[in-house]
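Q: Contents are mmCIF, N, CA and C atoms; file name start-v8.cif:
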```cif
data_entry
loop_
_atom_site.label_atom_id
_atom_site.label_comp_id
_atom_site.auth_asym_id
_atom_site.auth_seq_id
_atom_site.Cartn_x
_atom_site.Cartn_y
_atom_site.Cartn_z
N MET J 1 0.84 -1.19 0.00
CA MET J 1 0.00 0.00 0.00
C MET J 1 0.89 1.25 0.00
N ALA J 2 0.58 2.17 -0.87
CA ALA J 2 1.37 3.41 -1.00
C ALA J 2 1.16 4.30 0.22
N LYS J 3 2.24 4.93 0.61
CA LYS J 3 2.21 5.86 1.74
C LYS J 3 1.46 7.12 1.34
N LYS J 4 0.62 7.63 2.24
CA LYS J 4 -0.12 8.86 1.99
C LYS J 4 0.82 10.06 1.96
N THR J 5 0.51 11.01 1.11
CA THR J 5 1.27 12.26 1.10
C THR J 5 0.60 13.26 2.04
N VAL J 6 1.32 14.28 2.42
CA VAL J 6 0.75 15.32 3.27
C VAL J 6 -0.43 16.00 2.57
N TYR J 7 -0.39 16.04 1.26
CA TYR J 7 -1.45 16.70 0.50
C TYR J 7 -2.71 15.83 0.42
N GLU J 8 -2.56 14.54 0.55
CA GLU J 8 -3.73 13.66 0.64
C GLU J 8 -4.32 13.71 2.05
N LEU J 9 -3.44 13.82 3.03
CA LEU J 9 -3.89 13.91 4.42
C LEU J 9 -4.62 15.22 4.67
N ILE J 10 -4.10 16.31 4.08
CA ILE J 10 -4.68 17.65 4.27
C ILE J 10 -4.98 18.24 2.89
N PRO J 11 -6.13 17.88 2.32
CA PRO J 11 -6.45 18.30 0.95
C PRO J 11 -6.41 19.82 0.73
N GLN J 12 -6.79 20.61 1.72
CA GLN J 12 -6.77 22.06 1.56
C GLN J 12 -5.34 22.56 1.34
N PHE J 13 -4.38 21.90 1.97
CA PHE J 13 -2.97 22.25 1.80
C PHE J 13 -2.56 22.05 0.34
N GLY J 14 -2.96 20.94 -0.24
CA GLY J 14 -2.68 20.67 -1.65
C GLY J 14 -3.36 21.67 -2.57
N LYS J 15 -4.57 22.03 -2.23
CA LYS J 15 -5.31 23.00 -3.03
C LYS J 15 -4.60 24.36 -3.01
N LEU J 16 -4.14 24.78 -1.85
CA LEU J 16 -3.41 26.05 -1.75
C LEU J 16 -2.11 25.99 -2.54
N ARG J 17 -1.41 24.86 -2.45
CA ARG J 17 -0.17 24.70 -3.23
C ARG J 17 -0.46 24.83 -4.71
N ASP J 18 -1.47 24.12 -5.18
CA ASP J 18 -1.77 24.10 -6.62
C ASP J 18 -2.35 25.41 -7.13
N GLU J 19 -3.31 25.97 -6.39
CA GLU J 19 -4.01 27.16 -6.88
C GLU J 19 -3.30 28.47 -6.57
N VAL J 20 -2.73 28.58 -5.37
CA VAL J 20 -2.11 29.85 -4.98
C VAL J 20 -0.62 29.87 -5.34
N LEU J 21 0.14 28.90 -4.81
CA LEU J 21 1.58 28.92 -5.05
C LEU J 21 1.93 28.71 -6.52
N PHE J 22 1.53 27.55 -7.06
CA PHE J 22 1.91 27.26 -8.45
C PHE J 22 0.93 27.86 -9.45
N GLY J 23 -0.30 28.10 -9.06
CA GLY J 23 -1.28 28.66 -9.98
C GLY J 23 -1.24 30.17 -10.09
N ASP J 24 -0.78 30.84 -9.04
CA ASP J 24 -0.75 32.30 -9.04
C ASP J 24 0.68 32.84 -8.87
N VAL J 25 1.31 32.54 -7.76
CA VAL J 25 2.63 33.12 -7.46
C VAL J 25 3.64 32.79 -8.55
N TRP J 26 3.74 31.52 -8.94
CA TRP J 26 4.73 31.14 -9.96
C TRP J 26 4.37 31.68 -11.35
N GLU J 27 3.16 32.16 -11.52
CA GLU J 27 2.73 32.68 -12.83
C GLU J 27 2.85 34.20 -12.95
N GLN J 28 3.25 34.88 -11.88
CA GLN J 28 3.39 36.33 -11.93
C GLN J 28 4.48 36.70 -12.94
N PRO J 29 4.30 37.79 -13.67
CA PRO J 29 5.21 38.12 -14.77
C PRO J 29 6.53 38.77 -14.37
N GLU J 30 6.69 39.20 -13.13
CA GLU J 30 7.89 39.95 -12.75
C GLU J 30 9.17 39.12 -12.85
N LEU J 31 9.05 37.82 -12.62
CA LEU J 31 10.21 36.92 -12.70
C LEU J 31 9.87 35.76 -13.62
N SER J 32 10.86 35.31 -14.36
CA SER J 32 10.64 34.13 -15.19
C SER J 32 10.60 32.89 -14.29
N LYS J 33 10.06 31.81 -14.81
CA LYS J 33 10.05 30.56 -14.05
C LYS J 33 11.47 30.08 -13.79
N ARG J 34 12.35 30.33 -14.73
CA ARG J 34 13.76 29.96 -14.57
C ARG J 34 14.36 30.71 -13.38
N ASP J 35 14.12 32.02 -13.30
CA ASP J 35 14.62 32.81 -12.18
C ASP J 35 13.99 32.36 -10.86
N ARG J 36 12.70 32.09 -10.88
CA ARG J 36 12.03 31.61 -9.68
C ARG J 36 12.65 30.28 -9.22
N SER J 37 12.98 29.43 -10.16
CA SER J 37 13.61 28.16 -9.81
C SER J 37 14.97 28.37 -9.16
N LEU J 38 15.79 29.25 -9.73
CA LEU J 38 17.10 29.53 -9.13
C LEU J 38 16.96 30.06 -7.71
N ILE J 39 16.03 30.98 -7.52
CA ILE J 39 15.80 31.55 -6.20
C ILE J 39 15.34 30.48 -5.22
N THR J 40 14.40 29.67 -5.65
CA THR J 40 13.84 28.64 -4.78
C THR J 40 14.89 27.60 -4.40
N VAL J 41 15.68 27.16 -5.36
CA VAL J 41 16.75 26.19 -5.07
C VAL J 41 17.76 26.82 -4.10
N ALA J 42 18.08 28.08 -4.29
CA ALA J 42 19.03 28.76 -3.39
C ALA J 42 18.49 28.81 -1.96
N VAL J 43 17.24 29.18 -1.81
CA VAL J 43 16.66 29.28 -0.47
C VAL J 43 16.57 27.90 0.18
N LEU J 44 16.10 26.91 -0.57
CA LEU J 44 15.99 25.56 -0.01
C LEU J 44 17.35 24.99 0.36
N THR J 45 18.37 25.33 -0.43
CA THR J 45 19.74 24.91 -0.10
C THR J 45 20.18 25.55 1.20
N ALA J 46 20.00 26.86 1.31
CA ALA J 46 20.44 27.60 2.49
C ALA J 46 19.71 27.14 3.76
N LEU J 47 18.46 26.73 3.60
CA LEU J 47 17.67 26.29 4.75
C LEU J 47 17.78 24.79 5.02
N TYR J 48 18.58 24.08 4.21
CA TYR J 48 18.80 22.64 4.38
C TYR J 48 17.48 21.87 4.30
N ARG J 49 16.67 22.20 3.31
CA ARG J 49 15.36 21.56 3.12
C ARG J 49 15.48 20.48 2.04
N THR J 50 16.09 19.38 2.41
CA THR J 50 16.47 18.32 1.48
C THR J 50 15.29 17.78 0.67
N GLU J 51 14.21 17.44 1.31
CA GLU J 51 13.08 16.82 0.59
C GLU J 51 12.51 17.76 -0.46
N GLU J 52 12.31 19.00 -0.11
CA GLU J 52 11.75 19.97 -1.05
C GLU J 52 12.76 20.30 -2.15
N LEU J 53 14.04 20.27 -1.80
CA LEU J 53 15.09 20.60 -2.76
C LEU J 53 15.09 19.65 -3.96
N ARG J 54 14.85 18.38 -3.72
CA ARG J 54 14.82 17.40 -4.82
C ARG J 54 13.83 17.81 -5.91
N GLY J 55 12.61 18.06 -5.51
CA GLY J 55 11.58 18.42 -6.48
C GLY J 55 11.87 19.73 -7.18
N HIS J 56 12.41 20.68 -6.43
CA HIS J 56 12.67 21.99 -7.05
C HIS J 56 13.91 21.97 -7.93
N MET J 57 14.85 21.08 -7.67
CA MET J 57 15.97 20.93 -8.62
C MET J 57 15.45 20.34 -9.92
N ARG J 58 14.56 19.37 -9.83
CA ARG J 58 13.97 18.80 -11.06
C ARG J 58 13.20 19.88 -11.82
N ARG J 59 12.43 20.66 -11.09
CA ARG J 59 11.66 21.74 -11.70
C ARG J 59 12.60 22.76 -12.34
N ALA J 60 13.72 23.06 -11.68
CA ALA J 60 14.69 24.00 -12.23
C ALA J 60 15.24 23.51 -13.56
N LEU J 61 15.58 22.23 -13.62
CA LEU J 61 16.06 21.67 -14.89
C LEU J 61 14.99 21.78 -15.97
N ASP J 62 13.73 21.50 -15.60
CA ASP J 62 12.62 21.64 -16.55
C ASP J 62 12.41 23.08 -16.98
N ASN J 63 12.77 24.02 -16.10
CA ASN J 63 12.61 25.45 -16.40
C ASN J 63 13.84 26.07 -17.07
N GLY J 64 14.78 25.23 -17.51
CA GLY J 64 15.89 25.72 -18.31
C GLY J 64 17.19 25.97 -17.57
N VAL J 65 17.22 25.71 -16.26
CA VAL J 65 18.48 25.84 -15.52
C VAL J 65 19.32 24.62 -15.86
N THR J 66 20.60 24.82 -16.10
CA THR J 66 21.47 23.71 -16.47
C THR J 66 22.08 23.06 -15.22
N GLN J 67 22.59 21.86 -15.40
CA GLN J 67 23.30 21.19 -14.32
C GLN J 67 24.50 22.02 -13.88
N GLU J 68 25.19 22.62 -14.84
CA GLU J 68 26.36 23.44 -14.53
C GLU J 68 25.96 24.66 -13.70
N GLU J 69 24.83 25.26 -14.04
CA GLU J 69 24.36 26.42 -13.26
C GLU J 69 23.99 26.01 -11.84
N LEU J 70 23.35 24.86 -11.69
CA LEU J 70 23.04 24.39 -10.34
C LEU J 70 24.33 24.13 -9.56
N GLY J 71 25.33 23.58 -10.22
CA GLY J 71 26.63 23.39 -9.57
C GLY J 71 27.25 24.70 -9.14
N GLY J 72 27.16 25.70 -10.00
CA GLY J 72 27.67 27.03 -9.66
C GLY J 72 26.92 27.66 -8.51
N LEU J 73 25.61 27.48 -8.49
CA LEU J 73 24.78 27.98 -7.41
C LEU J 73 25.19 27.34 -6.08
N ILE J 74 25.38 26.02 -6.09
CA ILE J 74 25.77 25.29 -4.88
C ILE J 74 27.13 25.77 -4.39
N THR J 75 28.08 25.93 -5.29
CA THR J 75 29.42 26.40 -4.92
C THR J 75 29.34 27.80 -4.30
N HIS J 76 28.58 28.67 -4.92
CA HIS J 76 28.42 30.03 -4.42
C HIS J 76 27.82 30.03 -3.02
N LEU J 77 26.79 29.21 -2.84
CA LEU J 77 26.11 29.18 -1.55
C LEU J 77 26.95 28.56 -0.43
N ALA J 78 27.95 27.78 -0.79
CA ALA J 78 28.82 27.20 0.24
C ALA J 78 29.42 28.30 1.11
N PHE J 79 29.68 29.45 0.52
CA PHE J 79 30.33 30.54 1.25
C PHE J 79 29.33 31.48 1.94
N TYR J 80 28.06 31.39 1.58
CA TYR J 80 27.05 32.25 2.18
C TYR J 80 26.11 31.50 3.10
N ALA J 81 25.82 30.24 2.79
CA ALA J 81 24.87 29.45 3.58
C ALA J 81 25.58 28.42 4.46
N GLY J 82 26.83 28.15 4.15
CA GLY J 82 27.59 27.18 4.92
C GLY J 82 27.91 25.93 4.12
N TRP J 83 29.06 25.38 4.44
CA TRP J 83 29.56 24.20 3.73
C TRP J 83 28.62 23.02 3.83
N PRO J 84 28.10 22.68 5.02
CA PRO J 84 27.20 21.52 5.11
C PRO J 84 25.94 21.66 4.25
N CYS J 85 25.41 22.85 4.17
CA CYS J 85 24.22 23.08 3.31
C CYS J 85 24.57 22.82 1.85
N ALA J 86 25.73 23.27 1.43
CA ALA J 86 26.15 23.09 0.04
C ALA J 86 26.46 21.62 -0.25
N VAL J 87 27.10 20.93 0.68
CA VAL J 87 27.38 19.51 0.47
C VAL J 87 26.07 18.73 0.37
N ASN J 88 25.11 19.06 1.23
CA ASN J 88 23.80 18.42 1.16
C ASN J 88 23.16 18.66 -0.21
N ALA J 89 23.20 19.90 -0.69
CA ALA J 89 22.63 20.22 -2.00
C ALA J 89 23.36 19.47 -3.11
N GLY J 90 24.67 19.33 -2.97
CA GLY J 90 25.44 18.56 -3.95
C GLY J 90 25.00 17.11 -4.00
N ARG J 91 24.73 16.53 -2.84
CA ARG J 91 24.24 15.15 -2.79
C ARG J 91 22.87 15.03 -3.46
N VAL J 92 22.01 16.00 -3.20
CA VAL J 92 20.70 16.00 -3.84
C VAL J 92 20.86 16.14 -5.35
N ALA J 93 21.75 17.02 -5.78
CA ALA J 93 21.98 17.21 -7.22
C ALA J 93 22.46 15.91 -7.86
N LEU J 94 23.36 15.19 -7.21
CA LEU J 94 23.81 13.89 -7.74
C LEU J 94 22.63 12.96 -7.98
N GLU J 95 21.75 12.87 -6.99
CA GLU J 95 20.54 12.04 -7.11
C GLU J 95 19.69 12.47 -8.31
N VAL J 96 19.41 13.78 -8.34
CA VAL J 96 18.52 14.32 -9.37
C VAL J 96 19.14 14.13 -10.76
N PHE J 97 20.42 14.42 -10.90
CA PHE J 97 21.07 14.30 -12.21
C PHE J 97 21.12 12.84 -12.65
N ASP J 98 21.33 11.92 -11.71
CA ASP J 98 21.36 10.49 -12.04
C ASP J 98 19.99 9.99 -12.47
N ASP J 99 18.92 10.58 -11.90
CA ASP J 99 17.55 10.19 -12.26
C ASP J 99 17.16 10.70 -13.63
N GLY J 100 17.80 11.84 -14.04
CA GLY J 100 17.41 12.55 -15.24
C GLY J 100 17.63 11.80 -16.47
#
```
Will you turn the file into structure tokens for me?
A:
Amino acid sequence: MAKKTVYELIPQFGKLRDEVLFGDVWEQPELSKRDRSLITVAVLTALYRTEELRGHMRRALDNGVTQEELGGLITHLAFYAGWPCAVNAGRVALEVFDDG
């Protein structure tokens, strides 16, 4: 039996994610989806949010960010967010790139 997701457990949470976050916020014209992806990956890296980082790295690749750019972002953040955060992001990137 498949494990329930948080969005199945709390349907309103999923609705807000789909309609407000991805349906409205990500669609605003001030930033491209590519830029939003870079920002989101940077913040998730700095906050050591491993689970969310996986999905957003995949989304970043889909939005035109290259593997090399993600590597550059991780290297840059090592000096601003801390080495452990960057190493964690590097491990996530390895996973994501291998899945790709």
Q: Could you jot down the atom N of J:Gln28 to atom CA of J:Gln12 separation for me, Å, one decimal place?
A: 21.1 Å
Q: Could you expand the PyMOL selection byres (((chain J and resi 47 and name CA) around 12) and name CA) into the explicit residues it covers here, written as a list in words?
A: Thr40, Val41, Ala42, Val43, Leu44, Thr45, Ala46, Tyr48, Arg49, Thr50, Glu51, Glu52, Leu53, Leu77, Tyr80, Ala81, Gly82, Pro84, Cys85, Ala86, Asn88 and Ala89 of chain J
Q: Hey, can you spit out that residue selection with N, CA and C atoms as a PDB file, in the coordinates of the input?
A:
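Produced file selection.pdb, reproduced below:
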```pdb
ATOM      1  N   THR J  40      14.400  29.670  -5.650  1.00  0.00           N
ATOM      2  CA  THR J  40      13.840  28.640  -4.780  1.00  0.00           C
ATOM      3  C   THR J  40      14.890  27.600  -4.400  1.00  0.00           C
ATOM      4  N   VAL J  41      15.680  27.160  -5.360  1.00  0.00           N
ATOM      5  CA  VAL J  41      16.750  26.190  -5.070  1.00  0.00           C
ATOM      6  C   VAL J  41      17.760  26.820  -4.100  1.00  0.00           C
ATOM      7  N   ALA J  42      18.080  28.080  -4.290  1.00  0.00           N
ATOM      8  CA  ALA J  42      19.030  28.760  -3.390  1.00  0.00           C
ATOM      9  C   ALA J  42      18.490  28.810  -1.960  1.00  0.00           C
ATOM     10  N   VAL J  43      17.240  29.180  -1.810  1.00  0.00           N
ATOM     11  CA  VAL J  43      16.660  29.280  -0.470  1.00  0.00           C
ATOM     12  C   VAL J  43      16.570  27.900   0.180  1.00  0.00           C
ATOM     13  N   LEU J  44      16.100  26.910  -0.570  1.00  0.00           N
ATOM     14  CA  LEU J  44      15.990  25.560  -0.010  1.00  0.00           C
ATOM     15  C   LEU J  44      17.350  24.990   0.360  1.00  0.00           C
ATOM     16  N   THR J  45      18.370  25.330  -0.430  1.00  0.00           N
ATOM     17  CA  THR J  45      19.740  24.910  -0.100  1.00  0.00           C
ATOM     18  C   THR J  45      20.180  25.550   1.200  1.00  0.00           C
ATOM     19  N   ALA J  46      20.000  26.860   1.310  1.00  0.00           N
ATOM     20  CA  ALA J  46      20.440  27.600   2.490  1.00  0.00           C
ATOM     21  C   ALA J  46      19.710  27.140   3.760  1.00  0.00           C
ATOM     22  N   TYR J  48      18.580  24.080   4.210  1.00  0.00           N
ATOM     23  CA  TYR J  48      18.800  22.640   4.380  1.00  0.00           C
ATOM     24  C   TYR J  48      17.480  21.870   4.300  1.00  0.00           C
ATOM     25  N   ARG J  49      16.670  22.200   3.310  1.00  0.00           N
ATOM     26  CA  ARG J  49      15.360  21.560   3.120  1.00  0.00           C
ATOM     27  C   ARG J  49      15.480  20.480   2.040  1.00  0.00           C
ATOM     28  N   THR J  50      16.090  19.380   2.410  1.00  0.00           N
ATOM     29  CA  THR J  50      16.470  18.320   1.480  1.00  0.00           C
ATOM     30  C   THR J  50      15.290  17.780   0.670  1.00  0.00           C
ATOM     31  N   GLU J  51      14.210  17.440   1.310  1.00  0.00           N
ATOM     32  CA  GLU J  51      13.080  16.820   0.590  1.00  0.00           C
ATOM     33  C   GLU J  51      12.510  17.760  -0.460  1.00  0.00           C
ATOM     34  N   GLU J  52      12.310  19.000  -0.110  1.00  0.00           N
ATOM     35  CA  GLU J  52      11.750  19.970  -1.050  1.00  0.00           C
ATOM     36  C   GLU J  52      12.760  20.300  -2.150  1.00  0.00           C
ATOM     37  N   LEU J  53      14.040  20.270  -1.800  1.00  0.00           N
ATOM     38  CA  LEU J  53      15.090  20.600  -2.760  1.00  0.00           C
ATOM     39  C   LEU J  53      15.090  19.650  -3.960  1.00  0.00           C
ATOM     40  N   LEU J  77      26.790  29.210  -2.840  1.00  0.00           N
ATOM     41  CA  LEU J  77      26.110  29.180  -1.550  1.00  0.00           C
ATOM     42  C   LEU J  77      26.950  28.560  -0.430  1.00  0.00           C
ATOM     43  N   TYR J  80      28.060  31.390   1.580  1.00  0.00           N
ATOM     44  CA  TYR J  80      27.050  32.250   2.180  1.00  0.00           C
ATOM     45  C   TYR J  80      26.110  31.500   3.100  1.00  0.00           C
ATOM     46  N   ALA J  81      25.820  30.240   2.790  1.00  0.00           N
ATOM     47  CA  ALA J  81      24.870  29.450   3.580  1.00  0.00           C
ATOM     48  C   ALA J  81      25.580  28.420   4.460  1.00  0.00           C
ATOM     49  N   GLY J  82      26.830  28.150   4.150  1.00  0.00           N
ATOM     50  CA  GLY J  82      27.590  27.180   4.920  1.00  0.00           C
ATOM     51  C   GLY J  82      27.910  25.930   4.120  1.00  0.00           C
ATOM     52  N   PRO J  84      28.100  22.680   5.020  1.00  0.00           N
ATOM     53  CA  PRO J  84      27.200  21.520   5.110  1.00  0.00           C
ATOM     54  C   PRO J  84      25.940  21.660   4.250  1.00  0.00           C
ATOM     55  N   CYS J  85      25.410  22.850   4.170  1.00  0.00           N
ATOM     56  CA  CYS J  85      24.220  23.080   3.310  1.00  0.00           C
ATOM     57  C   CYS J  85      24.570  22.820   1.850  1.00  0.00           C
ATOM     58  N   ALA J  86      25.730  23.270   1.430  1.00  0.00           N
ATOM     59  CA  ALA J  86      26.150  23.090   0.040  1.00  0.00           C
ATOM     60  C   ALA J  86      26.460  21.620  -0.250  1.00  0.00           C
ATOM     61  N   ASN J  88      25.110  19.060   1.230  1.00  0.00           N
ATOM     62  CA  ASN J  88      23.800  18.420   1.160  1.00  0.00           C
ATOM     63  C   ASN J  88      23.160  18.660  -0.210  1.00  0.00           C
ATOM     64  N   ALA J  89      23.200  19.900  -0.690  1.00  0.00           N
ATOM     65  CA  ALA J  89      22.630  20.220  -2.000  1.00  0.00           C
ATOM     66  C   ALA J  89      23.360  19.470  -3.110  1.00  0.00           C
TER      67      ALA J  89
END
```
Q: Please, what distance in Å, to one decimal, runs between atom N of J:Leu38 and atom N of J:Ala60?
A: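 Result for atom N of J:Leu38 versus atom N of J:Ala60: 6.8 Å, one decimal.
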